[in-house]
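Asker: Dropping in structure_35.txt, which is compact mmCIF, C-alpha atoms (C1' of nucleotides):
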# COMPACT_ATOMS: atom_id res chain seq x y z
CA MET A 226 -0.09 26.58 -10.39
CA LYS A 227 -0.91 22.97 -9.51
CA ILE A 228 -0.43 22.17 -5.83
CA ALA A 229 -0.82 18.62 -4.53
CA SER A 230 -0.67 16.48 -1.43
CA TRP A 231 0.29 12.81 -1.30
CA ASN A 232 0.80 10.41 1.57
CA VAL A 233 3.27 7.99 -0.03
CA ASN A 234 3.54 5.57 2.93
CA SER A 235 7.33 5.17 2.73
CA LEU A 236 9.21 7.25 0.19
CA ASN A 237 11.84 4.53 0.07
CA VAL A 238 9.31 2.09 -1.39
CA ARG A 239 7.32 4.67 -3.36
CA LEU A 240 10.09 6.76 -4.99
CA PRO A 241 9.48 5.15 -8.41
CA HIS A 242 5.76 5.94 -8.09
CA LEU A 243 6.51 9.52 -7.09
CA GLN A 244 8.87 9.98 -10.03
CA GLN A 245 6.29 8.55 -12.44
CA TRP A 246 3.52 10.68 -11.00
CA LEU A 247 5.59 13.89 -11.08
CA ALA A 248 6.26 13.22 -14.78
CA ASP A 249 2.58 12.44 -15.50
CA PHE A 250 0.86 15.11 -13.42
CA ALA A 251 3.53 17.83 -13.46
CA PRO A 252 2.57 19.61 -10.25
CA ASP A 253 4.35 22.81 -9.29
CA VAL A 254 4.35 21.99 -5.58
CA VAL A 255 3.74 18.72 -3.72
CA GLY A 256 3.44 18.14 0.00
CA ILE A 257 4.51 14.60 0.85
CA GLN A 258 3.59 12.74 4.05
CA GLU A 259 4.84 9.55 5.67
CA THR A 260 8.26 9.58 4.06
CA LYS A 261 9.49 7.34 6.92
CA LEU A 262 13.05 8.44 6.13
CA GLU A 263 15.76 10.06 8.17
CA ASP A 264 16.99 13.26 6.51
CA HIS A 265 20.33 11.79 5.42
CA LYS A 266 18.41 9.15 3.44
CA PHE A 267 16.09 11.59 1.64
CA PRO A 268 16.30 11.14 -2.17
CA ASP A 269 16.83 14.84 -2.93
CA THR A 270 19.25 14.16 -5.82
CA ALA A 271 16.82 11.84 -7.61
CA LEU A 272 14.03 14.39 -7.18
CA LEU A 273 16.24 17.22 -8.43
CA GLU A 274 16.84 15.14 -11.56
CA ALA A 275 13.05 15.02 -11.90
CA GLY A 276 12.97 18.83 -11.72
CA TYR A 277 12.01 19.37 -8.09
CA ARG A 278 13.75 20.98 -5.13
CA SER A 279 13.09 19.34 -1.78
CA VAL A 280 12.86 20.45 1.82
CA PHE A 281 12.13 17.76 4.35
CA ALA A 282 11.82 16.79 8.00
CA GLY A 283 11.99 13.09 8.68
CA GLN A 284 12.67 10.45 11.26
CA LYS A 285 13.20 6.71 11.38
CA THR A 286 10.23 4.36 10.81
CA TYR A 287 7.31 6.78 11.27
CA ASN A 288 5.95 10.09 10.03
CA GLY A 289 8.18 12.40 7.97
CA VAL A 290 7.08 15.22 5.64
CA ALA A 291 8.55 17.01 2.64
CA LEU A 292 7.76 19.88 0.31
CA LEU A 293 8.77 19.48 -3.35
CA SER A 294 8.65 22.44 -5.70
CA ARG A 295 9.92 23.47 -9.11
CA GLN A 296 10.93 26.85 -7.68
CA PRO A 297 12.79 26.88 -4.37
CA ALA A 298 10.68 27.21 -1.23
CA GLN A 299 11.35 30.28 0.93
CA ASP A 300 10.99 30.78 4.69
CA VAL A 301 10.84 27.07 5.44
CA GLN A 302 9.33 26.15 8.79
CA ILE A 303 9.57 22.69 10.36
CA GLY A 304 7.15 21.78 13.13
CA ILE A 305 4.54 23.91 14.85
CA PRO A 306 6.23 26.89 16.54
CA GLY A 307 6.00 26.63 20.32
CA PHE A 308 4.54 23.10 20.23
CA GLU A 309 6.93 20.43 21.43
CA ASP A 310 6.51 17.36 19.24
CA ALA A 311 8.84 14.40 18.79
CA GLN A 312 6.98 13.46 15.59
CA GLN A 313 7.86 15.06 12.27
CA ARG A 314 4.46 16.02 10.89
CA VAL A 315 4.71 19.60 9.63
CA ILE A 316 6.69 21.48 7.02
CA ALA A 317 5.82 24.84 5.49
CA GLY A 318 7.33 27.05 2.84
CA THR A 319 6.50 29.89 0.47
CA VAL A 320 6.49 29.22 -3.28
CA GLY A 321 5.50 31.78 -5.91
CA GLY A 322 4.02 34.07 -3.27
CA VAL A 323 1.81 31.33 -1.82
CA ARG A 324 2.38 30.05 1.71
CA ILE A 325 2.00 26.27 1.79
CA ILE A 326 1.59 24.35 5.03
CA ASN A 327 1.96 20.59 4.67
CA LEU A 328 0.43 18.51 7.48
CA TYR A 329 0.52 14.86 8.40
CA VAL A 330 -2.27 15.00 10.97
CA VAL A 331 -2.15 12.52 13.85
CA ASN A 332 -4.25 9.40 13.15
CA GLY A 333 -5.61 9.10 16.68
CA GLN A 334 -6.06 5.30 16.78
CA ASP A 335 -9.49 5.20 18.45
CA VAL A 336 -11.82 7.75 20.03
CA GLY A 337 -10.93 8.33 23.67
CA THR A 338 -7.43 6.90 23.56
CA GLU A 339 -4.28 8.77 24.56
CA LYS A 340 -3.41 9.15 20.87
CA TYR A 341 -6.83 10.65 20.23
CA GLY A 342 -6.14 13.26 22.89
CA TYR A 343 -2.81 14.02 21.24
CA LYS A 344 -4.61 14.41 17.90
CA LEU A 345 -7.02 16.99 19.31
CA ARG A 346 -4.27 18.93 21.12
CA TRP A 347 -2.14 18.83 17.99
CA LEU A 348 -5.00 20.16 15.83
CA GLU A 349 -5.58 22.98 18.30
CA ALA A 350 -1.91 23.98 18.10
CA VAL A 351 -2.09 23.86 14.29
CA ARG A 352 -5.16 26.07 14.30
CA GLU A 353 -3.51 28.77 16.42
CA TRP A 354 -0.38 28.66 14.26
CA VAL A 355 -2.43 28.87 11.03
CA ARG A 356 -4.24 31.87 12.52
CA SER A 357 -0.92 33.70 12.86
CA GLU A 358 0.32 32.52 9.46
CA LEU A 359 -2.82 33.87 7.77
CA ALA A 360 -2.10 37.30 9.22
CA ILE A 361 1.34 37.24 7.57
CA TYR A 362 0.48 35.34 4.40
CA PRO A 363 -3.09 35.94 3.19
CA LYS A 364 -2.43 33.64 0.22
CA LEU A 365 -2.28 30.40 2.14
CA VAL A 366 -2.79 26.73 1.28
CA VAL A 367 -3.05 24.15 4.06
CA LEU A 368 -2.82 20.66 2.65
CA GLY A 369 -2.01 17.15 3.72
CA ASP A 370 -3.26 13.91 5.15
CA PHE A 371 -5.82 15.29 7.61
CA ASN A 372 -6.96 11.92 8.92
CA ILE A 373 -10.44 13.49 9.11
CA ALA A 374 -13.25 12.95 6.61
CA PRO A 375 -15.16 16.27 6.52
CA ASP A 376 -18.71 14.92 6.16
CA ALA A 377 -20.92 11.96 5.26
CA ARG A 378 -20.26 12.41 1.52
CA ASP A 379 -16.61 11.67 2.21
CA VAL A 380 -17.03 8.13 3.55
CA HIS A 381 -18.25 4.94 1.85
CA ASP A 382 -20.53 3.99 4.74
CA PRO A 383 -21.70 6.77 7.10
CA ALA A 384 -23.31 4.20 9.41
CA VAL A 385 -19.88 2.71 10.16
CA TRP A 386 -17.92 5.96 9.88
CA ASN A 387 -20.07 7.80 12.38
CA GLU A 388 -19.57 10.43 15.09
CA GLN A 389 -18.08 7.83 17.44
CA HIS A 390 -15.52 6.51 14.93
CA ILE A 391 -11.94 7.64 14.47
CA LEU A 392 -11.47 9.90 11.40
CA THR A 393 -15.15 10.93 11.53
CA SER A 394 -15.83 11.69 15.20
CA ALA A 395 -17.63 14.84 16.24
CA ALA A 396 -14.58 16.34 17.99
CA GLU A 397 -12.34 15.71 14.99
CA ARG A 398 -14.83 17.28 12.60
CA GLU A 399 -15.23 20.21 14.98
CA ALA A 400 -11.45 20.67 14.95
CA LEU A 401 -11.47 20.75 11.15
CA ARG A 402 -14.40 23.17 11.22
CA ALA A 403 -12.50 25.46 13.60
CA LEU A 404 -9.57 25.47 11.19
CA LEU A 405 -11.83 26.27 8.23
CA ASP A 406 -13.49 29.02 10.27
CA LEU A 407 -10.21 30.94 10.25
CA GLY A 408 -11.00 31.69 6.60
CA LEU A 409 -10.13 28.53 4.69
CA HIS A 410 -12.09 26.50 2.14
CA ASP A 411 -11.98 22.82 1.20
CA ALA A 412 -10.94 23.36 -2.43
CA PHE A 413 -12.56 20.12 -3.57
CA ARG A 414 -15.97 21.22 -2.28
CA LEU A 415 -15.72 24.58 -4.02
CA HIS A 416 -16.21 22.68 -7.28
CA HIS A 417 -17.60 19.23 -6.53
CA GLN A 418 -20.59 18.28 -4.38
CA GLU A 419 -20.90 14.58 -5.12
CA ALA A 420 -20.46 11.83 -2.54
CA GLY A 421 -18.06 8.94 -2.96
CA VAL A 422 -14.86 10.64 -4.09
CA PHE A 423 -12.15 9.14 -1.92
CA SER A 424 -8.42 9.61 -1.35
CA TRP A 425 -7.64 6.68 0.96
CA TRP A 426 -8.58 3.02 0.86
CA ASP A 427 -7.50 0.60 3.58
CA TYR A 428 -5.08 -2.07 2.42
CA ARG A 429 -7.13 -4.47 4.48
CA ALA A 430 -10.32 -6.15 3.29
CA ALA A 431 -9.59 -5.26 -0.37
CA GLY A 432 -10.67 -1.70 0.29
CA PHE A 433 -9.69 -0.27 -3.07
CA ARG A 434 -11.12 -3.08 -5.18
CA ARG A 435 -14.46 -2.59 -3.41
CA ASP A 436 -14.06 1.22 -3.32
CA LEU A 437 -14.44 1.31 0.45
CA GLY A 438 -12.66 4.62 0.85
CA LEU A 439 -12.60 7.93 2.66
CA ARG A 440 -11.67 11.43 1.56
CA ILE A 441 -9.14 12.44 4.20
CA ASP A 442 -6.47 14.10 2.03
CA LEU A 443 -7.43 17.74 1.64
CA THR A 444 -6.27 20.97 0.08
CA LEU A 445 -7.58 24.05 1.89
CA VAL A 446 -7.28 27.50 0.34
CA SER A 447 -7.55 30.84 2.11
CA ASP A 448 -10.17 33.50 1.34
CA ALA A 449 -7.57 35.42 -0.66
CA LEU A 450 -7.02 32.38 -2.92
CA LYS A 451 -10.63 31.24 -3.20
CA ALA A 452 -11.27 32.89 -6.57
CA GLU A 453 -7.96 31.58 -7.91
CA ALA A 454 -8.76 27.97 -6.99
CA ILE A 455 -10.29 27.00 -10.34
CA ASP A 456 -10.50 23.25 -9.73
CA ALA A 457 -9.52 20.50 -7.32
CA GLY A 458 -9.62 16.74 -7.33
CA ILE A 459 -8.06 13.42 -6.47
CA ASP A 460 -5.91 11.45 -8.88
CA ARG A 461 -6.85 7.80 -8.35
CA GLU A 462 -4.39 6.60 -10.97
CA PRO A 463 -1.38 5.89 -8.71
CA ARG A 464 -3.62 3.85 -6.38
CA THR A 465 -4.10 1.39 -9.29
CA TRP A 466 -0.37 0.84 -9.75
CA ASP A 467 1.54 -2.18 -8.51
CA ARG A 468 2.43 -2.00 -4.78
CA PRO A 469 0.68 1.34 -4.24
CA SER A 470 0.45 3.72 -1.33
CA ASP A 471 -2.90 3.42 0.44
CA HIS A 472 -3.48 7.12 -0.41
CA ALA A 473 -4.03 8.88 -3.74
CA PRO A 474 -2.81 12.43 -4.43
CA ALA A 475 -5.21 15.33 -3.80
CA TRP A 476 -4.67 18.51 -5.81
CA VAL A 477 -5.82 22.08 -6.31
CA GLN A 478 -5.27 24.20 -9.38
CA LEU A 479 -4.64 27.92 -8.85
CA ALA A 480 -5.15 30.26 -11.80
C1' DA B 200 -18.70 -6.46 12.73
C1' DT B 201 -14.52 -8.84 12.34
C1' DG B 202 -10.36 -9.30 10.26
C1' DG B 203 -8.02 -8.55 6.78
C1' DT B 204 -2.78 -5.91 4.35
C1' DG B 205 1.31 -3.21 4.23
C1' DG B 206 5.84 -0.61 6.07
C1' DT B 207 9.51 -0.77 9.28
C1' DC B 208 12.47 -3.74 11.24
C1' DC B 209 12.95 -8.61 13.14
C1' DT B 210 9.18 -7.90 17.39
C1' DA B 211 5.73 -5.48 17.70
C1' DC B 212 3.88 -1.05 16.49
C1' DC B 213 1.44 1.94 13.52
C1' DA B 214 -1.98 2.82 10.19
Before anything else, please render the file you have as structure tokens.
Answerer:
Amino acid sequence: MKIASWNVNSLNVRLPHLQQWLADFAPDVVGIQETKLEDHKFPDTALLEAGYRSVFAGQKTYNGVALLSRQPAQDVQIGIPGFEDAQQRVIAGTVGGVRIINLYVVNGQDVGTEKYGYKLRWLEAVREWVRSELAIYPKLVVLGDFNIAPDARDVHDPAVWNEQHILTSAAEREALRALLDLGLHDAFRLHHQEAGVFSWWDYRAAGFRRDLGLRIDLTLVSDALKAEAIDAGIDREPRTWDRPSDHAPAWVQLA
DNA sequence: ATGGTGGTCCTACCA
């Protein structure tokens, strides 16, 4: 089973890319972030024609998440239970006996800002929810745009992307570590140790052309799935297409 | 290091 995560940065603009990539890559499940679409505008019919069922939680202009799957998702959950949030950043469902939690983690703007505080509170709420989900669903995948680069190998310039910088700050990395400590594994690092494999390149300053990227799109697998996670990676191909998302899809293959 | 680009919506805000 191939499970993927892709921040499309507007599904309205990127639907042709998504359709092409679904045909090329043929994932079984995809978590989508930044759809930026209200639910009545979600292209579920077009995706069904591509062979995928959709569940989604969107809003106007910002955020918005969806879960696409060849088989219908069961027990769909929108939002973090018990955590009031006006922003649509979470959708979960069960496909083929695997619980999949799709996250669009708060960006956080800059260290110390109000949005940064929201990011850390949000991550804490996610962690406590994932703790309870793991107790119910040992076979769990947490994927999405984490807006956190796990370590120095995951940034093009560790001197710039340091412990004071957004996406790499100490508190953000500690929040990711606390999530992993529940019994999750960064699937990419189970199989690849090299530095310089990125999933996001800033549109600004010709980031992709110069390969000034970060790896912030992750697929985490639970202890019970660790042996089944036979490979993971990032598909840079759609980032080379005309008018691309700033993110490339991250994926994990389960045996 | 700064500023640069892109999406939404049309004026800034977010990333």
Asker: Select, from A:Ala374, A:Leu292, A:Leu328, A:Val355, the residue with the minimum atom-to-atom distance to Asn387 of chain A, counting only C-alpha atoms.
Answerer: A:Ala374
Asker: List the neighbours of Arg402 of chain A out to 12 Å using all atoms listed in the file; skip same-chain residues closer than 5 positions along the sequence, and give me the result as a list in words.
Answerer: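 Residues meeting the cut-off are Leu348, Glu349, Arg352, Ile373, Ala374, Pro375, Asp376, Ala395, Ala396, Glu397, Leu407, Gly408, Leu409, His410, Asp411 and Leu445 of chain A.
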Asker: Can you pull out every residue within 8 Å of segment 202-206 of chain B, counting all atoms listed in the file, but drop anything in the same chain fewer than 2 positions away, and send it as a VMD selection string?
Answerer: chain A and resid 234 to 235 428 to 430
Asker: Should the cut-off be 10 Å, what would the residue list for chain A against chain B look like, counting only C-alpha atoms (C1' of nucleotides), as number ranges by chain?
Answerer: A: 234-235, 237-238, 261, 285-288, 332-334, 385, 427-432, 468-471
Asker: Go through A:Ala457, A:Ala475, A:Leu273, A:Ile228 and flag the residue nearest Gln418 of chain A, using all atoms listed in the file for the distances.
Answerer: A:Ala457
Asker: What gap, in Å, lies between atom CA of Val254 of chain A and atom CA of Ile325 of chain A?
Answerer: 8.8 Å
Asker: Report, in Å with one decimal, the straight-line distance from atom CA of Leu359 of chain A to atom CA of Ala412 of chain A.
Answerer: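 A separation of 16.7 Å between them.
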Asker: Give me the residues within 8 Å of Ile303 of chain A as a PDB file with C-alpha atoms, in the frame of the given file, counting all atoms listed in the file and dropping any in the same chain fewer than 3 places off.
Answerer:
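That gives us part-v8.pdb:
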ATOM      1  CA  ALA A 282      11.820  16.790   8.000  1.00  0.00           C
ATOM      2  CA  VAL A 315       4.710  19.600   9.630  1.00  0.00           C
ATOM      3  CA  ILE A 316       6.690  21.480   7.020  1.00  0.00           C
ATOM      4  CA  ALA A 317       5.820  24.840   5.490  1.00  0.00           C
TER       5      ALA A 317
END
Asker: Just the residues within 10 Å of Gln478 of chain A, please, counting all atoms listed in the file, with nothing from its chain fewer than 4 positions along; format it as a ChimeraX atom specification.
Answerer: /A:226-229,252-253,412,453-458
Asker: Those same residues, written as a short mmCIF file (atom, residue, chain, number, x, y, z; two decimals), in the coordinates of the input with C-alpha atoms?
Answerer:
data_model
loop_
_atom_site.label_atom_id
_atom_site.label_comp_id
_atom_site.auth_asym_id
_atom_site.auth_seq_id
_atom_site.Cartn_x
_atom_site.Cartn_y
_atom_site.Cartn_z
CA MET A 226 -0.09 26.58 -10.39
CA LYS A 227 -0.91 22.97 -9.51
CA ILE A 228 -0.43 22.17 -5.83
CA ALA A 229 -0.82 18.62 -4.53
CA PRO A 252 2.57 19.61 -10.25
CA ASP A 253 4.35 22.81 -9.29
CA ALA A 412 -10.94 23.36 -2.43
CA GLU A 453 -7.96 31.58 -7.91
CA ALA A 454 -8.76 27.97 -6.99
CA ILE A 455 -10.29 27.00 -10.34
CA ASP A 456 -10.50 23.25 -9.73
CA ALA A 457 -9.52 20.50 -7.32
CA GLY A 458 -9.62 16.74 -7.33
#
Asker: My list of candidates is A:Ala449, A:Val255, A:Val290, A:Leu262. Which is closest to Tyr277 of chain A when distances are computed with all atoms listed in the file?
Answerer: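 Checking each of A:Ala449, A:Val255, A:Val290, A:Leu262 against Tyr277 of chain A, counting all atoms listed in the file, the winner is A:Val255.
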Asker: Hey, what's within 8 Å of Gln258 of chain A if we count all atoms listed in the file and toss same-chain stuff fewer than 3 positions away? As a list in words, please?
Answerer: Ser230, Trp231, Asn232, Val233, Asn234, Asn288, Gly289, Val290, Ala291, Arg314, Leu328, Tyr329, Gly369 and Asp370 of chain A
Asker: Please write out, as JSON, where the centre of an axis-aligned box around all listed atoms of segment 312-315 of chain A lies and how long its edges are, in Å to one decimal, after adding 6 Å on each side.
Answerer:
{"center_x": 6.2, "center_y": 16.5, "center_z": 12.6, "size_x": 15.4, "size_y": 18.1, "size_z": 18.0}
Asker: So how many Å separate atom CA of Arg295 of chain A and atom CA of Arg278 of chain A, to one decimal?
Answerer: 6.1 Å
Asker: From the set A:Ala311, A:Leu439, A:Ala350, A:Leu415, which residue has the shortest atom-to-atom contact distance to Ile391 of chain A, counting all atoms listed in the file?
Answerer: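 Among the listed residues, the smallest separation from Ile391 of chain A belongs to A:Leu439.
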Asker: Missing atoms in segment 292-308 of chain A: can you complete it with N, CA, C and O atoms, as a compact mmCIF listing (two decimals), keeping the file's coordinate frame?
Answerer:
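Saved as out.txt:
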# COMPACT_ATOMS: atom_id res chain seq x y z
N LEU A 292 8.39 18.95 1.24
CA LEU A 292 7.76 19.88 0.31
C LEU A 292 8.63 19.88 -0.94
O LEU A 292 9.84 20.19 -0.86
N LEU A 293 8.07 19.49 -2.07
CA LEU A 293 8.77 19.48 -3.35
C LEU A 293 8.23 20.63 -4.19
O LEU A 293 7.02 20.85 -4.22
N SER A 294 9.11 21.31 -4.88
CA SER A 294 8.65 22.44 -5.70
C SER A 294 9.62 22.69 -6.84
O SER A 294 10.83 22.47 -6.70
N ARG A 295 9.06 23.14 -7.96
CA ARG A 295 9.92 23.47 -9.11
C ARG A 295 10.78 24.68 -8.79
O ARG A 295 11.96 24.71 -9.13
N GLN A 296 10.17 25.68 -8.14
CA GLN A 296 10.93 26.85 -7.68
C GLN A 296 11.27 26.64 -6.21
O GLN A 296 10.50 26.03 -5.49
N PRO A 297 12.42 27.13 -5.76
CA PRO A 297 12.79 26.88 -4.37
C PRO A 297 11.80 27.47 -3.37
O PRO A 297 11.28 28.55 -3.58
N ALA A 298 11.56 26.73 -2.30
CA ALA A 298 10.68 27.21 -1.23
C ALA A 298 11.45 28.19 -0.35
O ALA A 298 12.61 27.97 -0.03
N GLN A 299 10.76 29.27 0.05
CA GLN A 299 11.35 30.28 0.93
C GLN A 299 10.76 30.14 2.34
O GLN A 299 9.65 29.63 2.50
N ASP A 300 11.49 30.68 3.31
CA ASP A 300 10.99 30.78 4.69
C ASP A 300 10.44 29.44 5.20
O ASP A 300 9.31 29.35 5.68
N VAL A 301 11.26 28.43 5.08
CA VAL A 301 10.84 27.07 5.44
C VAL A 301 10.72 26.94 6.96
O VAL A 301 11.59 27.38 7.71
N GLN A 302 9.60 26.37 7.37
CA GLN A 302 9.33 26.15 8.79
C GLN A 302 9.08 24.66 9.02
O GLN A 302 8.27 24.05 8.32
N ILE A 303 9.77 24.09 9.99
CA ILE A 303 9.57 22.69 10.36
C ILE A 303 8.93 22.63 11.73
O ILE A 303 9.42 23.28 12.67
N GLY A 304 7.85 21.90 11.86
CA GLY A 304 7.15 21.78 13.13
C GLY A 304 6.26 22.98 13.40
O GLY A 304 6.29 23.98 12.68
N ILE A 305 5.44 22.84 14.43
CA ILE A 305 4.54 23.91 14.85
C ILE A 305 5.28 24.77 15.87
O ILE A 305 5.69 24.26 16.91
N PRO A 306 5.48 26.06 15.59
CA PRO A 306 6.23 26.89 16.54
C PRO A 306 5.61 26.86 17.94
O PRO A 306 4.40 27.00 18.09
N GLY A 307 6.46 26.62 18.93
CA GLY A 307 6.00 26.63 20.32
C GLY A 307 5.32 25.36 20.77
O GLY A 307 4.88 25.26 21.91
N PHE A 308 5.21 24.35 19.87
CA PHE A 308 4.54 23.10 20.23
C PHE A 308 5.56 21.98 20.19
O PHE A 308 6.01 21.57 19.11
